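Enquirer: I have a structure I would like to understand better, so I am pasting it below and will then ask my questions one at a time.
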Amino acid sequence: MHQKKFVFETMTRKIGTSIILLFVLGQISYGQTLGQPKQLKVKGTYVHSRTMTEFPENIGSYQRQGVHSFDKKKENISSTYKSGQTTLSIYLYPAGEGSEGRLRNQYLQAMQDIANVSKSGLHAQQGYKFFKKDGYKINGFTAISPDEPKTQLTLFECGQWFFKIRITSNSLDTTQINILERDVLESFQPTRLVKLFPLDSKASVYFAKAAFRDSLMLGSAMGSAYKKIGWALDNVDSLERAAGFPDLYLGLQVESLKEFVQFEKRQKWNRQQSTTDYLNELNEIISAGFLEEFVMEQFSMIMIVPNEITLDFEGFENWKRTHPTKINLNQRFYVVSYKGAD
């Protein structure tokens with residue numbers, strides 16, 4: 001099936017727990033698998049049975065048009081509201097294991113779904129968002145298409161659940177759309193999902209077959225994975241980690257890649273030429289001072305960037321013309337994951 005393109009612009013700008021090593025990179029399930037939606041017969045407030053989340057008949061002036069389920073267990077649901085020329089859709093569905101890349105991949109899939117039903121693809125501005133309540137913090141990403149009708153989609157990971165808001169409007173401007181979204185968040189308080197269904201930040205590491213091609217690659221991958229786990233514990237509050245593994249932080253990715261190249265410097269290791277080439281390319285990027293820009297590009301700019309960081313994408317593009325690389329960070333040697341708490 002042909003997929004239409006979507007283009008993004010960026011809007012803005014110590015290991016204290018046990019680690020489980022699993023030496024197979026298995027299929028880690030997460031995300032919204034859309035079956036045929038079934039409209040539910042609902043009167044009054046609809047209560048999502050797994051989380052006890054309430055979907056009222058009205059949100060302010062927005063009247064509920066219907067509640068749909070995408071699975072037999074009625075865990076994957078949406079509720080749609082309408083007022084004038086504005087449609088508000090709220091989705092709640094299982095997120096599965098809290099593996100790195102989970103939020104980014106689901107967000108990109110949601111954007112691709114919108115692009116696929118658009119006549120000319122989708123052009124959108126994107127940016128990082130978060131919501132905090134009672135000490136809990138959920139991270140999310142948002143995109144808004146300025147084309148008429150305006151469409152804004154925001155996705156948050158909330159422990160073992162995803163919470164997604166989609167607003168489509170011919171009448172509201174961007175500020176009004178954001179106010180509506182904020183009202184929805186205050187009403188539903190999706191941080192509550194983390195309280196009820198947190199992730200356990202005792203990390204598991206799943207290693208891919210490619211990590212075992214030689215001792216140098218395996219040691220590099222293990223060192224990098226441990227660095228990610230330690231960085232998260234040192235830099236991210238436990239109540240934020242309960243919502244998801246914090247791989248969106250640019251600092252986590254940068255420090256783990258720096259650690260990746262350190263292992264070969266400790267002693268001589270057996271290696272294949274492909275491992276040597278990979279490490280040489282990574283060291284070249286680091287030496288040139290473009291590691292942050294490289295990570296941002298590899299992960300579609302879907303990252304949390306500190307305010308003090310200045311990124312030089314123009315310089316990076318010029319550098320790449322004479323320094324092409326084959327590294328693809330999305331082809332992983334391992335995946336770090338938080339499982340659901342018991």
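Residue numbers start at 1 in each chain; chains themselves are named A, B, ... in the order of the structure tokens; ligands are numbered from 1 in the order shown.
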Might you pull out every residue within 10 Å of segment 100-103 of chain A, with only C-alpha atoms counted and same-chain residues fewer than 4 positions away left off, and present them as a ChimeraX atom specification?
Expert: /A:28-31,95-96,107-109,139-141,155-158,162,244-248,299,302,330,334-338
Enquirer: Take the residues just selected and output them with C-alpha atoms as a PDB file, in the first residue's frame.
Expert:
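And here is the file that came out, result-v8.pdb:
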```pdb
ATOM      1  CA  ILE A  28       7.968  -5.839  21.668  1.00  0.00           C
ATOM      2  CA  SER A  29       4.316  -4.975  21.159  1.00  0.00           C
ATOM      3  CA  TYR A  30       3.066  -1.468  21.586  1.00  0.00           C
ATOM      4  CA  GLY A  31       0.750   0.951  19.904  1.00  0.00           C
ATOM      5  CA  ALA A  95       0.845   0.954  25.073  1.00  0.00           C
ATOM      6  CA  GLY A  96       2.446  -2.380  25.924  1.00  0.00           C
ATOM      7  CA  TYR A 107       3.561   9.213  17.092  1.00  0.00           C
ATOM      8  CA  LEU A 108       5.051   8.733  13.622  1.00  0.00           C
ATOM      9  CA  GLN A 109       2.503   6.016  12.871  1.00  0.00           C
ATOM     10  CA  ASN A 139       5.920  13.271  27.921  1.00  0.00           C
ATOM     11  CA  GLY A 140       4.339  13.729  24.548  1.00  0.00           C
ATOM     12  CA  PHE A 141       4.800  15.073  21.067  1.00  0.00           C
ATOM     13  CA  LEU A 155       0.215  11.834  21.857  1.00  0.00           C
ATOM     14  CA  PHE A 156       1.320  11.123  25.438  1.00  0.00           C
ATOM     15  CA  GLU A 157       2.738   7.923  26.907  1.00  0.00           C
ATOM     16  CA  CYS A 158       1.171   7.239  30.285  1.00  0.00           C
ATOM     17  CA  PHE A 162      -1.307   5.905  25.342  1.00  0.00           C
ATOM     18  CA  GLY A 244       7.953   5.570  29.976  1.00  0.00           C
ATOM     19  CA  PHE A 245      11.630   5.010  29.290  1.00  0.00           C
ATOM     20  CA  PRO A 246      12.952   8.562  28.699  1.00  0.00           C
ATOM     21  CA  ASP A 247      14.741   7.952  25.394  1.00  0.00           C
ATOM     22  CA  LEU A 248      13.426  11.246  23.960  1.00  0.00           C
ATOM     23  CA  PHE A 299      15.230  10.320  15.119  1.00  0.00           C
ATOM     24  CA  ILE A 302      11.502  13.947  17.845  1.00  0.00           C
ATOM     25  CA  ASN A 330      17.021   2.972  14.028  1.00  0.00           C
ATOM     26  CA  TYR A 334      19.689  -3.483  21.630  1.00  0.00           C
ATOM     27  CA  VAL A 335      16.504  -2.057  23.121  1.00  0.00           C
ATOM     28  CA  VAL A 336      16.133  -0.896  26.721  1.00  0.00           C
ATOM     29  CA  SER A 337      12.688  -1.383  28.197  1.00  0.00           C
ATOM     30  CA  TYR A 338      10.649  -0.848  31.348  1.00  0.00           C
TER      31      TYR A 338
END
```
Enquirer: Write out as a PyMOL selection string which residues come within 12 Å of Leu185 of chain A when counting only C-alpha atoms, dropping same-chain ones fewer than 6 positions away.
Expert: chain A and resi 59+90+129-133+138+154-156+163-165+178-179+191-192
Enquirer: How would the residues just chosen look if you wrote them out with N, CA, C and O atoms as a PDB file, in the first residue's frame?
Expert:
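Just written: again.pdb:
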```pdb
ATOM      1  N   ILE A  59     -18.128  17.933  26.781  1.00  0.00           N
ATOM      2  CA  ILE A  59     -16.945  18.608  27.290  1.00  0.00           C
ATOM      3  C   ILE A  59     -17.112  20.079  26.933  1.00  0.00           C
ATOM      4  O   ILE A  59     -16.917  20.483  25.783  1.00  0.00           O
ATOM      5  N   ILE A  90     -10.727  11.857  21.256  1.00  0.00           N
ATOM      6  CA  ILE A  90      -9.850  11.448  22.352  1.00  0.00           C
ATOM      7  C   ILE A  90      -9.703   9.929  22.292  1.00  0.00           C
ATOM      8  O   ILE A  90     -10.694   9.198  22.218  1.00  0.00           O
ATOM      9  N   LYS A 129       5.796  18.242  24.074  1.00  0.00           N
ATOM     10  CA  LYS A 129       4.851  18.697  25.093  1.00  0.00           C
ATOM     11  C   LYS A 129       4.928  17.773  26.299  1.00  0.00           C
ATOM     12  O   LYS A 129       5.307  16.606  26.182  1.00  0.00           O
ATOM     13  N   PHE A 130       4.536  18.313  27.443  1.00  0.00           N
ATOM     14  CA  PHE A 130       4.418  17.474  28.630  1.00  0.00           C
ATOM     15  C   PHE A 130       3.237  17.960  29.449  1.00  0.00           C
ATOM     16  O   PHE A 130       2.746  19.068  29.275  1.00  0.00           O
ATOM     17  N   PHE A 131       2.799  17.086  30.359  1.00  0.00           N
ATOM     18  CA  PHE A 131       1.716  17.432  31.274  1.00  0.00           C
ATOM     19  C   PHE A 131       2.100  16.913  32.652  1.00  0.00           C
ATOM     20  O   PHE A 131       2.547  15.767  32.792  1.00  0.00           O
ATOM     21  N   LYS A 132       1.945  17.764  33.683  1.00  0.00           N
ATOM     22  CA  LYS A 132       2.323  17.391  35.048  1.00  0.00           C
ATOM     23  C   LYS A 132       1.136  17.549  35.984  1.00  0.00           C
ATOM     24  O   LYS A 132       0.349  18.479  35.857  1.00  0.00           O
ATOM     25  N   LYS A 133       1.037  16.623  36.917  1.00  0.00           N
ATOM     26  CA  LYS A 133      -0.003  16.696  37.948  1.00  0.00           C
ATOM     27  C   LYS A 133       0.420  15.810  39.113  1.00  0.00           C
ATOM     28  O   LYS A 133       0.833  14.660  38.928  1.00  0.00           O
ATOM     29  N   ILE A 138       4.039  13.317  32.281  1.00  0.00           N
ATOM     30  CA  ILE A 138       3.959  12.500  31.062  1.00  0.00           C
ATOM     31  C   ILE A 138       4.524  13.303  29.899  1.00  0.00           C
ATOM     32  O   ILE A 138       4.254  14.486  29.753  1.00  0.00           O
ATOM     33  N   THR A 154      -1.807  15.249  19.317  1.00  0.00           N
ATOM     34  CA  THR A 154      -0.863  15.170  20.423  1.00  0.00           C
ATOM     35  C   THR A 154      -0.973  13.796  21.063  1.00  0.00           C
ATOM     36  O   THR A 154      -2.082  13.312  21.325  1.00  0.00           O
ATOM     37  N   LEU A 155       0.175  13.174  21.288  1.00  0.00           N
ATOM     38  CA  LEU A 155       0.215  11.834  21.857  1.00  0.00           C
ATOM     39  C   LEU A 155       1.095  11.831  23.097  1.00  0.00           C
ATOM     40  O   LEU A 155       2.220  12.339  23.068  1.00  0.00           O
ATOM     41  N   PHE A 156       0.577  11.265  24.188  1.00  0.00           N
ATOM     42  CA  PHE A 156       1.320  11.123  25.438  1.00  0.00           C
ATOM     43  C   PHE A 156       1.456   9.642  25.781  1.00  0.00           C
ATOM     44  O   PHE A 156       0.529   8.853  25.569  1.00  0.00           O
ATOM     45  N   PHE A 163      -2.395   8.056  25.481  1.00  0.00           N
ATOM     46  CA  PHE A 163      -3.510   8.998  25.500  1.00  0.00           C
ATOM     47  C   PHE A 163      -3.280   9.971  24.350  1.00  0.00           C
ATOM     48  O   PHE A 163      -2.260  10.663  24.311  1.00  0.00           O
ATOM     49  N   LYS A 164      -4.232  10.017  23.431  1.00  0.00           N
ATOM     50  CA  LYS A 164      -4.064  10.797  22.208  1.00  0.00           C
ATOM     51  C   LYS A 164      -5.244  11.743  22.019  1.00  0.00           C
ATOM     52  O   LYS A 164      -6.392  11.374  22.255  1.00  0.00           O
ATOM     53  N   ILE A 165      -4.918  12.967  21.606  1.00  0.00           N
ATOM     54  CA  ILE A 165      -5.937  13.982  21.338  1.00  0.00           C
ATOM     55  C   ILE A 165      -5.771  14.445  19.898  1.00  0.00           C
ATOM     56  O   ILE A 165      -4.666  14.799  19.467  1.00  0.00           O
ATOM     57  N   ASN A 178      -4.966  25.003  21.128  1.00  0.00           N
ATOM     58  CA  ASN A 178      -4.139  24.638  22.287  1.00  0.00           C
ATOM     59  C   ASN A 178      -4.887  24.826  23.602  1.00  0.00           C
ATOM     60  O   ASN A 178      -4.697  24.054  24.551  1.00  0.00           O
ATOM     61  N   ILE A 179      -5.734  25.844  23.674  1.00  0.00           N
ATOM     62  CA  ILE A 179      -6.553  26.040  24.877  1.00  0.00           C
ATOM     63  C   ILE A 179      -7.529  24.878  25.040  1.00  0.00           C
ATOM     64  O   ILE A 179      -7.717  24.357  26.154  1.00  0.00           O
ATOM     65  N   THR A 191      -2.238  11.798  33.737  1.00  0.00           N
ATOM     66  CA  THR A 191      -1.231  11.338  34.695  1.00  0.00           C
ATOM     67  C   THR A 191      -1.810  10.295  35.648  1.00  0.00           C
ATOM     68  O   THR A 191      -1.075   9.484  36.211  1.00  0.00           O
ATOM     69  N   ARG A 192      -3.126  10.326  35.802  1.00  0.00           N
ATOM     70  CA  ARG A 192      -3.804   9.331  36.631  1.00  0.00           C
ATOM     71  C   ARG A 192      -3.539   7.909  36.107  1.00  0.00           C
ATOM     72  O   ARG A 192      -3.455   6.951  36.882  1.00  0.00           O
TER      73      ARG A 192
END
```
Enquirer: Please list as a PDB file with N, CA and C atoms, in the first residue's frame every residue within 12 Å of segment 78-89 of chain A, counting only C-alpha atoms and excluding residues in the same chain fewer than 4 positions away.
Expert:
```pdb
ATOM      1  N   GLN A  32      -1.247   1.314  18.724  1.00  0.00           N
ATOM      2  CA  GLN A  32      -2.653   1.166  18.410  1.00  0.00           C
ATOM      3  C   GLN A  32      -2.820   0.365  17.138  1.00  0.00           C
ATOM      4  N   LEU A  34      -5.356  -0.831  14.696  1.00  0.00           N
ATOM      5  CA  LEU A  34      -6.726  -0.457  14.392  1.00  0.00           C
ATOM      6  C   LEU A  34      -7.438  -1.552  13.621  1.00  0.00           C
ATOM      7  N   PRO A  37     -13.575  -0.248  13.487  1.00  0.00           N
ATOM      8  CA  PRO A  37     -14.167   0.373  14.678  1.00  0.00           C
ATOM      9  C   PRO A  37     -15.631  -0.029  14.846  1.00  0.00           C
ATOM     10  N   LYS A  38     -15.990  -0.312  16.072  1.00  0.00           N
ATOM     11  CA  LYS A  38     -17.368  -0.674  16.375  1.00  0.00           C
ATOM     12  C   LYS A  38     -17.956   0.394  17.288  1.00  0.00           C
ATOM     13  N   GLN A  39     -19.050   0.998  16.850  1.00  0.00           N
ATOM     14  CA  GLN A  39     -19.675   2.017  17.677  1.00  0.00           C
ATOM     15  C   GLN A  39     -20.400   1.361  18.835  1.00  0.00           C
ATOM     16  N   LEU A  40     -20.142   1.860  20.024  1.00  0.00           N
ATOM     17  CA  LEU A  40     -20.739   1.308  21.224  1.00  0.00           C
ATOM     18  C   LEU A  40     -22.038   2.034  21.549  1.00  0.00           C
ATOM     19  N   VAL A  42     -24.053   3.765  23.994  1.00  0.00           N
ATOM     20  CA  VAL A  42     -23.714   4.422  25.255  1.00  0.00           C
ATOM     21  C   VAL A  42     -24.760   5.470  25.584  1.00  0.00           C
ATOM     22  N   THR A  45     -22.438   9.025  30.767  1.00  0.00           N
ATOM     23  CA  THR A  45     -20.974   8.942  30.791  1.00  0.00           C
ATOM     24  C   THR A  45     -20.515   7.529  30.451  1.00  0.00           C
ATOM     25  N   TYR A  46     -19.573   7.431  29.523  1.00  0.00           N
ATOM     26  CA  TYR A  46     -18.982   6.134  29.211  1.00  0.00           C
ATOM     27  C   TYR A  46     -17.755   5.930  30.090  1.00  0.00           C
ATOM     28  N   VAL A  47     -17.655   4.766  30.722  1.00  0.00           N
ATOM     29  CA  VAL A  47     -16.532   4.452  31.606  1.00  0.00           C
ATOM     30  C   VAL A  47     -15.694   3.359  30.968  1.00  0.00           C
ATOM     31  N   HIS A  48     -14.449   3.677  30.719  1.00  0.00           N
ATOM     32  CA  HIS A  48     -13.488   2.705  30.181  1.00  0.00           C
ATOM     33  C   HIS A  48     -13.172   1.705  31.288  1.00  0.00           C
ATOM     34  N   THR A  53     -11.541   5.369  33.303  1.00  0.00           N
ATOM     35  CA  THR A  53     -11.546   6.712  32.729  1.00  0.00           C
ATOM     36  C   THR A  53     -12.940   7.045  32.229  1.00  0.00           C
ATOM     37  N   GLU A  54     -13.431   8.236  32.576  1.00  0.00           N
ATOM     38  CA  GLU A  54     -14.791   8.632  32.215  1.00  0.00           C
ATOM     39  C   GLU A  54     -14.782   9.541  30.990  1.00  0.00           C
ATOM     40  N   PHE A  55     -15.642   9.186  30.034  1.00  0.00           N
ATOM     41  CA  PHE A  55     -15.841   9.998  28.839  1.00  0.00           C
ATOM     42  C   PHE A  55     -17.263  10.571  28.911  1.00  0.00           C
ATOM     43  N   PRO A  56     -17.397  11.839  29.294  1.00  0.00           N
ATOM     44  CA  PRO A  56     -18.727  12.415  29.520  1.00  0.00           C
ATOM     45  C   PRO A  56     -19.461  12.679  28.209  1.00  0.00           C
ATOM     46  N   GLU A  57     -20.744  12.962  28.333  1.00  0.00           N
ATOM     47  CA  GLU A  57     -21.551  13.280  27.151  1.00  0.00           C
ATOM     48  C   GLU A  57     -21.124  14.610  26.541  1.00  0.00           C
ATOM     49  N   ASN A  58     -20.656  15.520  27.390  1.00  0.00           N
ATOM     50  CA  ASN A  58     -20.266  16.842  26.909  1.00  0.00           C
ATOM     51  C   ASN A  58     -18.964  17.283  27.563  1.00  0.00           C
ATOM     52  N   ILE A  59     -18.128  17.933  26.781  1.00  0.00           N
ATOM     53  CA  ILE A  59     -16.945  18.608  27.290  1.00  0.00           C
ATOM     54  C   ILE A  59     -17.112  20.079  26.933  1.00  0.00           C
ATOM     55  N   GLY A  60     -17.527  20.876  27.894  1.00  0.00           N
ATOM     56  CA  GLY A  60     -17.869  22.266  27.601  1.00  0.00           C
ATOM     57  C   GLY A  60     -19.000  22.306  26.589  1.00  0.00           C
ATOM     58  N   SER A  61     -18.789  22.999  25.478  1.00  0.00           N
ATOM     59  CA  SER A  61     -19.806  23.100  24.423  1.00  0.00           C
ATOM     60  C   SER A  61     -19.724  21.964  23.421  1.00  0.00           C
ATOM     61  N   TYR A  62     -18.799  21.032  23.636  1.00  0.00           N
ATOM     62  CA  TYR A  62     -18.601  19.931  22.691  1.00  0.00           C
ATOM     63  C   TYR A  62     -19.471  18.742  23.095  1.00  0.00           C
ATOM     64  N   GLN A  63     -20.304  18.309  22.174  1.00  0.00           N
ATOM     65  CA  GLN A  63     -21.238  17.217  22.436  1.00  0.00           C
ATOM     66  C   GLN A  63     -20.704  15.920  21.831  1.00  0.00           C
ATOM     67  N   ARG A  64     -20.793  14.870  22.611  1.00  0.00           N
ATOM     68  CA  ARG A  64     -20.272  13.582  22.150  1.00  0.00           C
ATOM     69  C   ARG A  64     -21.085  13.053  20.971  1.00  0.00           C
ATOM     70  N   GLN A  65     -20.368  12.634  19.924  1.00  0.00           N
ATOM     71  CA  GLN A  65     -20.988  12.079  18.728  1.00  0.00           C
ATOM     72  C   GLN A  65     -21.015  10.557  18.746  1.00  0.00           C
ATOM     73  N   GLY A  66     -20.083   9.958  19.482  1.00  0.00           N
ATOM     74  CA  GLY A  66     -20.047   8.504  19.536  1.00  0.00           C
ATOM     75  C   GLY A  66     -18.792   8.004  20.216  1.00  0.00           C
ATOM     76  N   VAL A  67     -18.881   6.782  20.720  1.00  0.00           N
ATOM     77  CA  VAL A  67     -17.738   6.085  21.310  1.00  0.00           C
ATOM     78  C   VAL A  67     -17.500   4.834  20.482  1.00  0.00           C
ATOM     79  N   HIS A  68     -16.255   4.616  20.062  1.00  0.00           N
ATOM     80  CA  HIS A  68     -15.919   3.469  19.232  1.00  0.00           C
ATOM     81  C   HIS A  68     -14.866   2.605  19.910  1.00  0.00           C
ATOM     82  N   SER A  69     -14.965   1.314  19.695  1.00  0.00           N
ATOM     83  CA  SER A  69     -13.972   0.366  20.180  1.00  0.00           C
ATOM     84  C   SER A  69     -13.266  -0.258  18.984  1.00  0.00           C
ATOM     85  N   PHE A  70     -11.950  -0.451  19.119  1.00  0.00           N
ATOM     86  CA  PHE A  70     -11.162  -1.045  18.055  1.00  0.00           C
ATOM     87  C   PHE A  70     -10.722  -2.469  18.383  1.00  0.00           C
ATOM     88  N   ASP A  71     -11.180  -2.996  19.511  1.00  0.00           N
ATOM     89  CA  ASP A  71     -10.844  -4.367  19.873  1.00  0.00           C
ATOM     90  C   ASP A  71     -11.994  -4.979  20.666  1.00  0.00           C
ATOM     91  N   LYS A  74     -12.581  -3.966  24.339  1.00  0.00           N
ATOM     92  CA  LYS A  74     -12.946  -2.556  24.539  1.00  0.00           C
ATOM     93  C   LYS A  74     -11.896  -1.818  25.369  1.00  0.00           C
ATOM     94  N   TYR A  93      -5.647   3.823  24.640  1.00  0.00           N
ATOM     95  CA  TYR A  93      -5.379   2.454  24.192  1.00  0.00           C
ATOM     96  C   TYR A  93      -4.093   1.925  24.813  1.00  0.00           C
ATOM     97  N   GLU A 148      -6.127  24.092   5.871  1.00  0.00           N
ATOM     98  CA  GLU A 148      -7.529  24.020   6.289  1.00  0.00           C
ATOM     99  C   GLU A 148      -8.131  22.684   5.874  1.00  0.00           C
ATOM    100  N   PRO A 149      -8.883  22.015   6.747  1.00  0.00           N
ATOM    101  CA  PRO A 149      -9.046  22.383   8.156  1.00  0.00           C
ATOM    102  C   PRO A 149      -7.768  22.111   8.940  1.00  0.00           C
ATOM    103  N   LYS A 150      -7.497  22.942   9.942  1.00  0.00           N
ATOM    104  CA  LYS A 150      -6.337  22.724  10.802  1.00  0.00           C
ATOM    105  C   LYS A 150      -6.510  21.415  11.553  1.00  0.00           C
ATOM    106  N   THR A 151      -5.424  20.652  11.649  1.00  0.00           N
ATOM    107  CA  THR A 151      -5.447  19.397  12.391  1.00  0.00           C
ATOM    108  C   THR A 151      -4.295  19.381  13.371  1.00  0.00           C
ATOM    109  N   GLN A 152      -4.601  19.163  14.635  1.00  0.00           N
ATOM    110  CA  GLN A 152      -3.558  19.019  15.647  1.00  0.00           C
ATOM    111  C   GLN A 152      -3.688  17.664  16.310  1.00  0.00           C
ATOM    112  N   LEU A 153      -2.565  16.961  16.390  1.00  0.00           N
ATOM    113  CA  LEU A 153      -2.519  15.666  17.051  1.00  0.00           C
ATOM    114  C   LEU A 153      -1.450  15.696  18.123  1.00  0.00           C
ATOM    115  N   THR A 154      -1.807  15.249  19.317  1.00  0.00           N
ATOM    116  CA  THR A 154      -0.863  15.170  20.423  1.00  0.00           C
ATOM    117  C   THR A 154      -0.973  13.796  21.063  1.00  0.00           C
ATOM    118  N   LEU A 155       0.175  13.174  21.288  1.00  0.00           N
ATOM    119  CA  LEU A 155       0.215  11.834  21.857  1.00  0.00           C
ATOM    120  C   LEU A 155       1.095  11.831  23.097  1.00  0.00           C
ATOM    121  N   PHE A 162      -1.462   4.702  26.149  1.00  0.00           N
ATOM    122  CA  PHE A 162      -1.307   5.905  25.342  1.00  0.00           C
ATOM    123  C   PHE A 162      -2.573   6.740  25.455  1.00  0.00           C
ATOM    124  N   PHE A 163      -2.395   8.056  25.481  1.00  0.00           N
ATOM    125  CA  PHE A 163      -3.510   8.998  25.500  1.00  0.00           C
ATOM    126  C   PHE A 163      -3.280   9.971  24.350  1.00  0.00           C
ATOM    127  N   LYS A 164      -4.232  10.017  23.431  1.00  0.00           N
ATOM    128  CA  LYS A 164      -4.064  10.797  22.208  1.00  0.00           C
ATOM    129  C   LYS A 164      -5.244  11.743  22.019  1.00  0.00           C
ATOM    130  N   ILE A 165      -4.918  12.967  21.606  1.00  0.00           N
ATOM    131  CA  ILE A 165      -5.937  13.982  21.338  1.00  0.00           C
ATOM    132  C   ILE A 165      -5.771  14.445  19.898  1.00  0.00           C
ATOM    133  N   ARG A 166      -6.875  14.445  19.172  1.00  0.00           N
ATOM    134  CA  ARG A 166      -6.856  14.952  17.791  1.00  0.00           C
ATOM    135  C   ARG A 166      -7.963  15.987  17.643  1.00  0.00           C
ATOM    136  N   ILE A 167      -7.581  17.173  17.180  1.00  0.00           N
ATOM    137  CA  ILE A 167      -8.526  18.269  16.992  1.00  0.00           C
ATOM    138  C   ILE A 167      -8.468  18.719  15.539  1.00  0.00           C
ATOM    139  N   THR A 168      -9.618  18.771  14.896  1.00  0.00           N
ATOM    140  CA  THR A 168      -9.729  19.231  13.514  1.00  0.00           C
ATOM    141  C   THR A 168     -10.724  20.381  13.477  1.00  0.00           C
ATOM    142  N   SER A 169     -10.312  21.515  12.876  1.00  0.00           N
ATOM    143  CA  SER A 169     -11.176  22.685  12.940  1.00  0.00           C
ATOM    144  C   SER A 169     -11.012  23.597  11.729  1.00  0.00           C
ATOM    145  N   ASN A 170     -12.134  24.117  11.259  1.00  0.00           N
ATOM    146  CA  ASN A 170     -12.159  25.163  10.243  1.00  0.00           C
ATOM    147  C   ASN A 170     -12.361  26.544  10.856  1.00  0.00           C
ATOM    148  N   SER A 171     -12.546  26.595  12.172  1.00  0.00           N
ATOM    149  CA  SER A 171     -12.902  27.867  12.797  1.00  0.00           C
ATOM    150  C   SER A 171     -11.924  28.330  13.871  1.00  0.00           C
ATOM    151  N   LEU A 172     -11.236  27.414  14.544  1.00  0.00           N
ATOM    152  CA  LEU A 172     -10.333  27.799  15.631  1.00  0.00           C
ATOM    153  C   LEU A 172      -8.938  28.104  15.084  1.00  0.00           C
ATOM    154  N   ASP A 173      -8.257  29.072  15.714  1.00  0.00           N
ATOM    155  CA  ASP A 173      -6.861  29.294  15.377  1.00  0.00           C
ATOM    156  C   ASP A 173      -5.991  28.419  16.274  1.00  0.00           C
ATOM    157  N   GLN A 176      -6.414  28.884  20.069  1.00  0.00           N
ATOM    158  CA  GLN A 176      -7.674  28.317  20.567  1.00  0.00           C
ATOM    159  C   GLN A 176      -7.631  26.796  20.600  1.00  0.00           C
ATOM    160  N   ILE A 177      -6.981  26.200  19.623  1.00  0.00           N
ATOM    161  CA  ILE A 177      -6.841  24.740  19.604  1.00  0.00           C
ATOM    162  C   ILE A 177      -6.032  24.280  20.813  1.00  0.00           C
ATOM    163  N   ASN A 178      -4.966  25.003  21.128  1.00  0.00           N
ATOM    164  CA  ASN A 178      -4.139  24.638  22.287  1.00  0.00           C
ATOM    165  C   ASN A 178      -4.887  24.826  23.602  1.00  0.00           C
ATOM    166  N   LEU A 180      -8.148  24.457  23.940  1.00  0.00           N
ATOM    167  CA  LEU A 180      -9.058  23.313  23.991  1.00  0.00           C
ATOM    168  C   LEU A 180      -8.321  22.064  24.443  1.00  0.00           C
ATOM    169  N   GLU A 181      -7.146  21.839  23.908  1.00  0.00           N
ATOM    170  CA  GLU A 181      -6.364  20.670  24.298  1.00  0.00           C
ATOM    171  C   GLU A 181      -6.018  20.725  25.784  1.00  0.00           C
ATOM    172  N   ASP A 183      -7.719  22.187  28.123  1.00  0.00           N
ATOM    173  CA  ASP A 183      -8.944  21.896  28.870  1.00  0.00           C
ATOM    174  C   ASP A 183      -9.198  20.391  28.944  1.00  0.00           C
ATOM    175  N   VAL A 184      -8.928  19.686  27.846  1.00  0.00           N
ATOM    176  CA  VAL A 184      -9.099  18.228  27.824  1.00  0.00           C
ATOM    177  C   VAL A 184      -8.136  17.574  28.810  1.00  0.00           C
TER     178      VAL A 184
END
```
Enquirer: Using only C-alpha atoms for the distances, tell me which of A:Arg104, A:Ser238, A:Asn283, A:Ser215 is nearest to Gln267 of chain A.
Expert: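 Result for the nearest residue to Gln267 of chain A: A:Ser215.
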Enquirer: Would you please give, as a PyMOL selection string, all residues of segment 98-217 of chain A that DSSP assigns to helix (DSSP H, G or I) based on the backbone?
Expert: chain A and resi 102-116+174-188+191-196+209-212+215-217
Enquirer: Would you work out the distance separating atom CA of Ser99 of chain A from atom CA of Lys202 of chain A, expressed in Å to one decimal?
Expert: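 Separating atom CA of Ser99 of chain A from atom CA of Lys202 of chain A is a distance of 12.0 Å.
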Enquirer: Nearest residue to Trp319 of chain A out of A:Ala288, A:Ala341, A:Val205, A:Met296, using only C-alpha atoms?
Expert: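 With only C-alpha atoms as the atom set, the closest residue is A:Ala288.
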Enquirer: Between atom CA of Arg266 of chain A and atom CA of Met222 of chain A, what is the distance in Å, rounded to a tenth?
Expert: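 Straight-line distance from atom CA of Arg266 of chain A to atom CA of Met222 of chain A works out to 14.1 Å.
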Enquirer: What gap, in Å, lies between atom CA of Ala211 of chain A and atom CA of Phe333 of chain A?
Expert: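 Distance between the two atoms: 5.1 Å.
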Enquirer: Would you please work out which residue, of A:Thr310, A:Asn270, A:Gln36, A:Gln160, is nearest to Gly289 of chain A when using only C-alpha atoms?
Expert: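 With only C-alpha atoms as the atom set, the closest residue is A:Thr310.
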Enquirer: List every residue of segment 67-106 of chain A that DSSP, applied to the backbone, labels as strand (DSSP E or B), and write the result as JSON, numbers by chain.
Expert: {"A": [67, 68, 69, 77, 78, 79, 80, 81, 82, 83, 86, 87, 88, 89, 90, 91, 92, 93, 94, 98, 99]}
Enquirer: Name the closest residue to Pro190 of chain A among the candidates A:Ala225, A:Met52, A:Asn280, A:Ala143; distances are taken between atoms, counting only C-alpha atoms.
Expert: A:Met52
Enquirer: So, with only C-alpha atoms as the atoms that count, which of A:Lys137, A:Arg271, A:Lys258, A:Arg50 lies closest to Ser224 of chain A?
Expert: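 Closest to Ser224 of chain A of all the choices is A:Lys258.
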Enquirer: Which one is closest to Gln253 of chain A: A:Asp312, A:Leu218, A:Leu329, A:Ser274? Count only C-alpha atoms.
Expert: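 Among the listed residues, the smallest separation from Gln253 of chain A belongs to A:Leu329.
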Enquirer: Neighbouring residues of Tyr249 of chain A were defined as those with any atom within 6 Å, considering only C-alpha atoms; residues of the same chain fewer than 3 positions away were excluded. Please report them as a list in words.
Expert: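 So, after excluding close chain neighbours, the residues are Leu252, Met303 and Ile304 of chain A.
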